[in-house]
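Engineer: Structure in structure tokens, see below.
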Amino acid sequence: MRLTAAESPDFADLALAVQLRGLSYYFGQGDLRKQVLFDIDLDLPTGQIVIMTGPSGSGKTTLLTLIGALRSAYQGSLRVLGQELVGLGDRQRVQIRRNIGFIFQAHNLFESLTAAQNVEMAVELLGDFDTKRAKAVKVLTQLGLADRVSYKPEALSGGQKQRVAIARALVNQPRLILADEPTAALDKKSGRDVVTLMQKLAKEQQRTILMVTHDNRILDVADRIIDLVDGRLESDQSFDSFGQSHDPQSRDRRTLIL
Amino acid sequence: MGIPLAWYNLLYERTRLLVAIAGVAFAVLLIFMNLGFLGALTTTATHIYTQLNADIFLISPQSLEISSTKPFPIERLYQAAGIEGVEAAMPLYSDYMLWRNPETRVSRAMFVYGINPEDAVFLMPELQTPQTQQTLRQPNVVLIDGLSRAEFGAQTTGLETEADRRQVSIGGQYVLGGGFASDGTLIMSDQNFRRFFDPRPLNLINLGLIKLAATAEAERTAVALQAHLPEDVLVLTKAEIIARDRAFWLQTTSIGFIFSLGVAVSFIVGTVIVYQILYTDIRDHLPEYATLKAMGYRNHYLFNVVLQEALILAVMGYVPGLLVALGLYRLTVSATAGSLPVSMNWGRVVFVLILTVAMCSLSGLTSVRRAMRADPAEVFS
């Protein structure tokens, strides 16, 4: 099953942030070698919010870490932001990662640093020491944390911490944002706020977002939902069609027919 | 300027920081005490040379240190006296003698210096008076060291007791200290030395003391003396003979080993404490460090953070360790009434600082491997 940008007509004319061709990935060596990703073709056009779903163990996180240059890919083709990652050395992968914003399930903020300092850590990567404070405050303000810039994580709520982590991922204006269950640790309202913010930024600043989530409450922000099962792309569709095919009522009906 | 992550990480865990500082300070203190005792003991052992009125010493090559010397012919002294620059050449006799405590009747070995009463052999001011010379000339009269151990009994002038089955009386006191090899010392005239240590002749001496003229230069005269004298004597300057005795105690007895082992154990204790603290710190921050790597930080950044933490701990622990050591040095000197002269010197201050930095760096380098292995891919799961 081949699903490419050509089948997502709305974004066909835009450049591709991510382009996968025949990507396979294995864990382990020798007899223990186990294939976890099978011949995946996938295009992520710039500006799209793509949600990746699928049962646990289906390879979602592995795919995310490959696209994020956190693992080395060996087989197939993996172009991220115009750069081929297959066969790339460690040092070059680190360089690629500086153009990608990562948002994790756990916020992973330094407890010893204030919200602003945690964000500044990302700005420092660009060697930008003069304006780092202003940049950090600006992005935290955009995320509604203007009055929390000097708070340490322990003084922030779960949603606020996650927003600081998002600010850290966004402050360098990366063209690609990879998020792994960003709302899992949040209550319904905080989770909704967080994804709405991400959606707003994607639309306003033409960011590409690939998000792994099991959170059905936030699926509606996606332009596209892809489903990964046992290391293979099972489906690739818009949110509306995903809603129909995953509608419990229609599914129940099919079950009855069978 | 970059955010001083190492500093913030250390400061954030106040309790852990205090424990780490206390651990480093404790190791630093132990190292200072071991080195202090070692220095004090070698100072004590070679203190005698600083109290001898000589610039150059003649000694048998077979002598080990001041208390175990091999006698050599007094002719060497006469030969030396003819060399240019030599103002005086004086013999020093020395040996052990059993001294009976007049109250407990227990005998114990005293170290005896025999001198010609005409010679100004010692520098102690209490020995420079004509009365002292007069006292020394009397038969069977000795001067006793005020720092001799209490087990030798009373030291009052006129006290009579027995030494090597001869009657002996105390004619006066001086302050010298016995060093390592003896618990007490006596000074007597060469004539009395001949009586007590019969049948030993006075033409075999233990140490030749050469006093130079003010214009003579010690090293050059020593070279000239060594060239002039046969090989059965060694010619040493004051600094050389002190170094020779010190080397004997440090290298050929267990003393050097004991205190070096003390330093080594303290070093290991400090290394383990700092390693434990740094490792725990790294372990607690592993997801954050992995996140930094995912963001695009390189391994050497994490390496620097951990090494900075190690160096901060080194300095923060060194300062209190040094201060407490200075206090304990003073306490030791007063508690031992000056017989264990522990004192600080710049060389030791710098040496221990280097050791502390090495100790913390070693811990940092050992524990940093954990941070370097942090896999950014594992944060996504």
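A note on labels: chains of the structure tokens are A, B, ... as shown, every chain counts residues from 1, and ligands are counted from 1 in their shown order.
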Residues of chain A within 10 Å of chain B, using only C-alpha atoms, as JSON, numbers by chain?
Structural biologist: {"A": [60, 61, 62, 64, 65, 66, 68, 69, 70, 71, 90, 91, 93, 94, 95, 96, 97, 98, 99, 100, 101, 102, 103, 104, 105, 106, 107, 108, 109, 110, 111, 112, 113, 117, 118, 120, 121, 122, 123, 124, 125, 126, 127, 128, 129, 130, 132, 168, 169, 179, 180, 181]}
Engineer: Got a sec to tell me which of stretch 68-164 of chain A DSSP assigns to strand (DSSP E or B), as a list in words?
Structural biologist: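 Of stretch 68-164 of chain A, only Gln75, Gly76, Ser77, Leu78, Arg79, Val80, Gln83, Glu84, Ile100, Gly101, Phe102 and Ile103 of chain A fall in strand (DSSP E or B).
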Engineer: Mind the document's chain letters and residue numbers, and return as a PDB file with C-alpha atoms, in the first residue's frame the residues of stretch 107-350 of chain B that DSSP labels helix (DSSP H, G or I).
Structural biologist:
ATOM      1  CA  PRO B 125      71.554  29.501  73.902  1.00  0.00           C
ATOM      2  CA  GLU B 126      71.493  27.732  77.291  1.00  0.00           C
ATOM      3  CA  LEU B 127      74.743  25.904  76.353  1.00  0.00           C
ATOM      4  CA  PRO B 130      80.972  29.651  80.650  1.00  0.00           C
ATOM      5  CA  GLN B 131      79.230  27.995  83.624  1.00  0.00           C
ATOM      6  CA  THR B 132      77.873  25.277  81.321  1.00  0.00           C
ATOM      7  CA  GLN B 133      81.356  24.574  79.997  1.00  0.00           C
ATOM      8  CA  GLN B 134      82.562  24.396  83.584  1.00  0.00           C
ATOM      9  CA  THR B 135      79.788  21.981  84.486  1.00  0.00           C
ATOM     10  CA  LEU B 136      80.581  19.740  81.504  1.00  0.00           C
ATOM     11  CA  ARG B 137      84.227  19.476  82.531  1.00  0.00           C
ATOM     12  CA  ALA B 150      58.891  11.593  81.741  1.00  0.00           C
ATOM     13  CA  GLU B 151      59.787   7.886  82.113  1.00  0.00           C
ATOM     14  CA  PHE B 152      63.455   8.877  82.562  1.00  0.00           C
ATOM     15  CA  ASP B 190      84.375  13.821  75.491  1.00  0.00           C
ATOM     16  CA  GLN B 191      86.325  12.799  78.627  1.00  0.00           C
ATOM     17  CA  ASN B 192      83.130  11.583  80.311  1.00  0.00           C
ATOM     18  CA  PHE B 193      82.098   9.895  77.027  1.00  0.00           C
ATOM     19  CA  ARG B 194      85.447   8.009  77.172  1.00  0.00           C
ATOM     20  CA  ARG B 195      84.626   6.891  80.713  1.00  0.00           C
ATOM     21  CA  PHE B 196      81.058   5.786  80.082  1.00  0.00           C
ATOM     22  CA  ALA B 218      79.354  25.814  51.644  1.00  0.00           C
ATOM     23  CA  GLU B 219      78.824  23.875  48.381  1.00  0.00           C
ATOM     24  CA  ARG B 220      82.209  24.793  46.950  1.00  0.00           C
ATOM     25  CA  THR B 221      84.068  24.016  50.161  1.00  0.00           C
ATOM     26  CA  ALA B 222      82.243  20.674  50.442  1.00  0.00           C
ATOM     27  CA  VAL B 223      83.406  19.727  46.947  1.00  0.00           C
ATOM     28  CA  ALA B 224      86.977  20.723  47.833  1.00  0.00           C
ATOM     29  CA  LEU B 225      86.788  18.710  51.053  1.00  0.00           C
ATOM     30  CA  GLN B 226      85.423  15.628  49.334  1.00  0.00           C
ATOM     31  CA  ALA B 227      88.223  15.835  46.749  1.00  0.00           C
ATOM     32  CA  HIS B 228      90.818  16.177  49.488  1.00  0.00           C
ATOM     33  CA  LYS B 238      73.548  20.937  56.157  1.00  0.00           C
ATOM     34  CA  ALA B 239      70.779  20.704  53.561  1.00  0.00           C
ATOM     35  CA  GLU B 240      72.264  17.503  52.149  1.00  0.00           C
ATOM     36  CA  ILE B 241      72.585  15.686  55.442  1.00  0.00           C
ATOM     37  CA  ILE B 242      69.018  16.672  56.395  1.00  0.00           C
ATOM     38  CA  ALA B 243      67.805  15.345  53.039  1.00  0.00           C
ATOM     39  CA  ARG B 244      69.844  12.161  53.585  1.00  0.00           C
ATOM     40  CA  ASP B 245      68.293  11.474  57.001  1.00  0.00           C
ATOM     41  CA  ARG B 246      64.836  12.364  55.729  1.00  0.00           C
ATOM     42  CA  ALA B 247      65.238   9.957  52.830  1.00  0.00           C
ATOM     43  CA  PHE B 248      66.283   7.260  55.288  1.00  0.00           C
ATOM     44  CA  TRP B 249      63.105   7.642  57.339  1.00  0.00           C
ATOM     45  CA  LEU B 250      60.820   8.036  54.349  1.00  0.00           C
ATOM     46  CA  GLN B 251      62.228   5.399  52.061  1.00  0.00           C
ATOM     47  CA  THR B 252      63.755   2.701  54.197  1.00  0.00           C
ATOM     48  CA  SER B 254      57.663   1.972  57.394  1.00  0.00           C
ATOM     49  CA  ILE B 255      57.016   5.613  58.358  1.00  0.00           C
ATOM     50  CA  GLY B 256      56.916   6.933  54.823  1.00  0.00           C
ATOM     51  CA  PHE B 257      54.768   4.024  53.768  1.00  0.00           C
ATOM     52  CA  ILE B 258      52.259   4.430  56.591  1.00  0.00           C
ATOM     53  CA  PHE B 259      51.548   8.062  55.869  1.00  0.00           C
ATOM     54  CA  SER B 260      51.647   7.645  52.096  1.00  0.00           C
ATOM     55  CA  LEU B 261      49.096   4.889  52.528  1.00  0.00           C
ATOM     56  CA  GLY B 262      47.045   7.299  54.635  1.00  0.00           C
ATOM     57  CA  VAL B 263      47.137   9.837  51.817  1.00  0.00           C
ATOM     58  CA  ALA B 264      46.231   7.176  49.249  1.00  0.00           C
ATOM     59  CA  VAL B 265      43.300   5.879  51.306  1.00  0.00           C
ATOM     60  CA  SER B 266      42.007   9.420  51.853  1.00  0.00           C
ATOM     61  CA  PHE B 267      42.305  10.046  48.131  1.00  0.00           C
ATOM     62  CA  ILE B 268      40.293   6.910  47.355  1.00  0.00           C
ATOM     63  CA  VAL B 269      37.647   7.770  49.965  1.00  0.00           C
ATOM     64  CA  GLY B 270      37.293  11.230  48.440  1.00  0.00           C
ATOM     65  CA  THR B 271      37.123   9.828  44.923  1.00  0.00           C
ATOM     66  CA  VAL B 272      34.405   7.352  45.875  1.00  0.00           C
ATOM     67  CA  ILE B 273      32.326  10.003  47.663  1.00  0.00           C
ATOM     68  CA  VAL B 274      32.511  12.431  44.744  1.00  0.00           C
ATOM     69  CA  TYR B 275      31.843   9.613  42.276  1.00  0.00           C
ATOM     70  CA  GLN B 276      28.768   8.568  44.250  1.00  0.00           C
ATOM     71  CA  ILE B 277      27.436  12.134  44.319  1.00  0.00           C
ATOM     72  CA  LEU B 278      28.104  12.794  40.630  1.00  0.00           C
ATOM     73  CA  TYR B 279      26.740   9.434  39.556  1.00  0.00           C
ATOM     74  CA  THR B 280      23.513   9.946  41.512  1.00  0.00           C
ATOM     75  CA  ASP B 281      23.216  13.414  40.045  1.00  0.00           C
ATOM     76  CA  ILE B 282      23.693  12.120  36.511  1.00  0.00           C
ATOM     77  CA  ARG B 283      21.267   9.259  37.060  1.00  0.00           C
ATOM     78  CA  ASP B 284      18.587  11.644  38.315  1.00  0.00           C
ATOM     79  CA  LEU B 286      19.394  11.244  32.701  1.00  0.00           C
ATOM     80  CA  PRO B 287      16.119  12.071  30.866  1.00  0.00           C
ATOM     81  CA  GLU B 288      17.112  15.739  30.824  1.00  0.00           C
ATOM     82  CA  TYR B 289      20.606  14.978  29.543  1.00  0.00           C
ATOM     83  CA  ALA B 290      19.131  12.683  26.890  1.00  0.00           C
ATOM     84  CA  THR B 291      16.745  15.490  25.942  1.00  0.00           C
ATOM     85  CA  LEU B 292      19.698  17.849  25.556  1.00  0.00           C
ATOM     86  CA  LYS B 293      21.269  15.330  23.198  1.00  0.00           C
ATOM     87  CA  ALA B 294      18.010  15.010  21.262  1.00  0.00           C
ATOM     88  CA  MET B 295      17.927  18.813  20.946  1.00  0.00           C
ATOM     89  CA  ASN B 299      28.587  14.669  24.122  1.00  0.00           C
ATOM     90  CA  HIS B 300      31.369  17.080  24.990  1.00  0.00           C
ATOM     91  CA  TYR B 301      28.826  19.525  26.390  1.00  0.00           C
ATOM     92  CA  LEU B 302      27.637  16.903  28.904  1.00  0.00           C
ATOM     93  CA  PHE B 303      31.268  16.013  29.536  1.00  0.00           C
ATOM     94  CA  ASN B 304      31.995  19.636  30.413  1.00  0.00           C
ATOM     95  CA  VAL B 305      28.944  19.913  32.670  1.00  0.00           C
ATOM     96  CA  VAL B 306      29.960  16.879  34.729  1.00  0.00           C
ATOM     97  CA  LEU B 307      33.613  17.942  34.868  1.00  0.00           C
ATOM     98  CA  GLN B 308      32.581  21.423  35.969  1.00  0.00           C
ATOM     99  CA  GLU B 309      30.462  19.899  38.732  1.00  0.00           C
ATOM    100  CA  ALA B 310      33.514  17.893  39.797  1.00  0.00           C
ATOM    101  CA  LEU B 311      35.764  20.954  39.845  1.00  0.00           C
ATOM    102  CA  ILE B 312      33.202  23.039  41.748  1.00  0.00           C
ATOM    103  CA  LEU B 313      32.998  20.269  44.356  1.00  0.00           C
ATOM    104  CA  ALA B 314      36.803  20.136  44.497  1.00  0.00           C
ATOM    105  CA  VAL B 315      37.145  23.838  45.265  1.00  0.00           C
ATOM    106  CA  MET B 316      34.146  24.020  47.606  1.00  0.00           C
ATOM    107  CA  GLY B 317      35.420  21.039  49.563  1.00  0.00           C
ATOM    108  CA  TYR B 318      39.065  22.049  49.534  1.00  0.00           C
ATOM    109  CA  VAL B 319      38.611  25.409  51.256  1.00  0.00           C
ATOM    110  CA  PRO B 320      36.852  24.135  54.420  1.00  0.00           C
ATOM    111  CA  GLY B 321      39.211  21.138  54.453  1.00  0.00           C
ATOM    112  CA  LEU B 322      42.209  23.466  54.446  1.00  0.00           C
ATOM    113  CA  LEU B 323      40.743  25.695  57.175  1.00  0.00           C
ATOM    114  CA  VAL B 324      39.921  22.793  59.483  1.00  0.00           C
ATOM    115  CA  ALA B 325      43.384  21.308  58.828  1.00  0.00           C
ATOM    116  CA  LEU B 326      45.026  24.594  59.876  1.00  0.00           C
ATOM    117  CA  GLY B 327      42.990  24.510  63.094  1.00  0.00           C
ATOM    118  CA  LEU B 328      43.903  20.888  63.778  1.00  0.00           C
ATOM    119  CA  TYR B 329      47.581  21.594  63.081  1.00  0.00           C
ATOM    120  CA  ARG B 330      47.536  24.273  65.755  1.00  0.00           C
ATOM    121  CA  LEU B 331      45.653  21.966  68.107  1.00  0.00           C
ATOM    122  CA  THR B 332      48.198  19.189  67.526  1.00  0.00           C
ATOM    123  CA  VAL B 333      51.131  21.476  68.249  1.00  0.00           C
ATOM    124  CA  SER B 334      49.603  22.674  71.512  1.00  0.00           C
ATOM    125  CA  ALA B 335      48.408  19.188  72.535  1.00  0.00           C
ATOM    126  CA  TRP B 346      52.843  26.535  50.421  1.00  0.00           C
ATOM    127  CA  GLY B 347      54.128  23.448  48.690  1.00  0.00           C
ATOM    128  CA  ARG B 348      51.662  21.289  50.613  1.00  0.00           C
ATOM    129  CA  VAL B 349      48.776  23.746  50.060  1.00  0.00           C
ATOM    130  CA  VAL B 350      49.334  23.575  46.308  1.00  0.00           C
TER     131      VAL B 350
END
Engineer: What separation in Å, quoted to one decimal, exists between atom CA of A:Thr196 and atom CA of A:Leu178?
Structural biologist: 15.6 Å
Engineer: Could you give me, as a ChimeraX atom specification, the residues within 6 Å of A:Asp41, counting only C-alpha atoms and dropping anything in the same chain fewer than 5 positions from it?
Structural biologist: /A:20-22
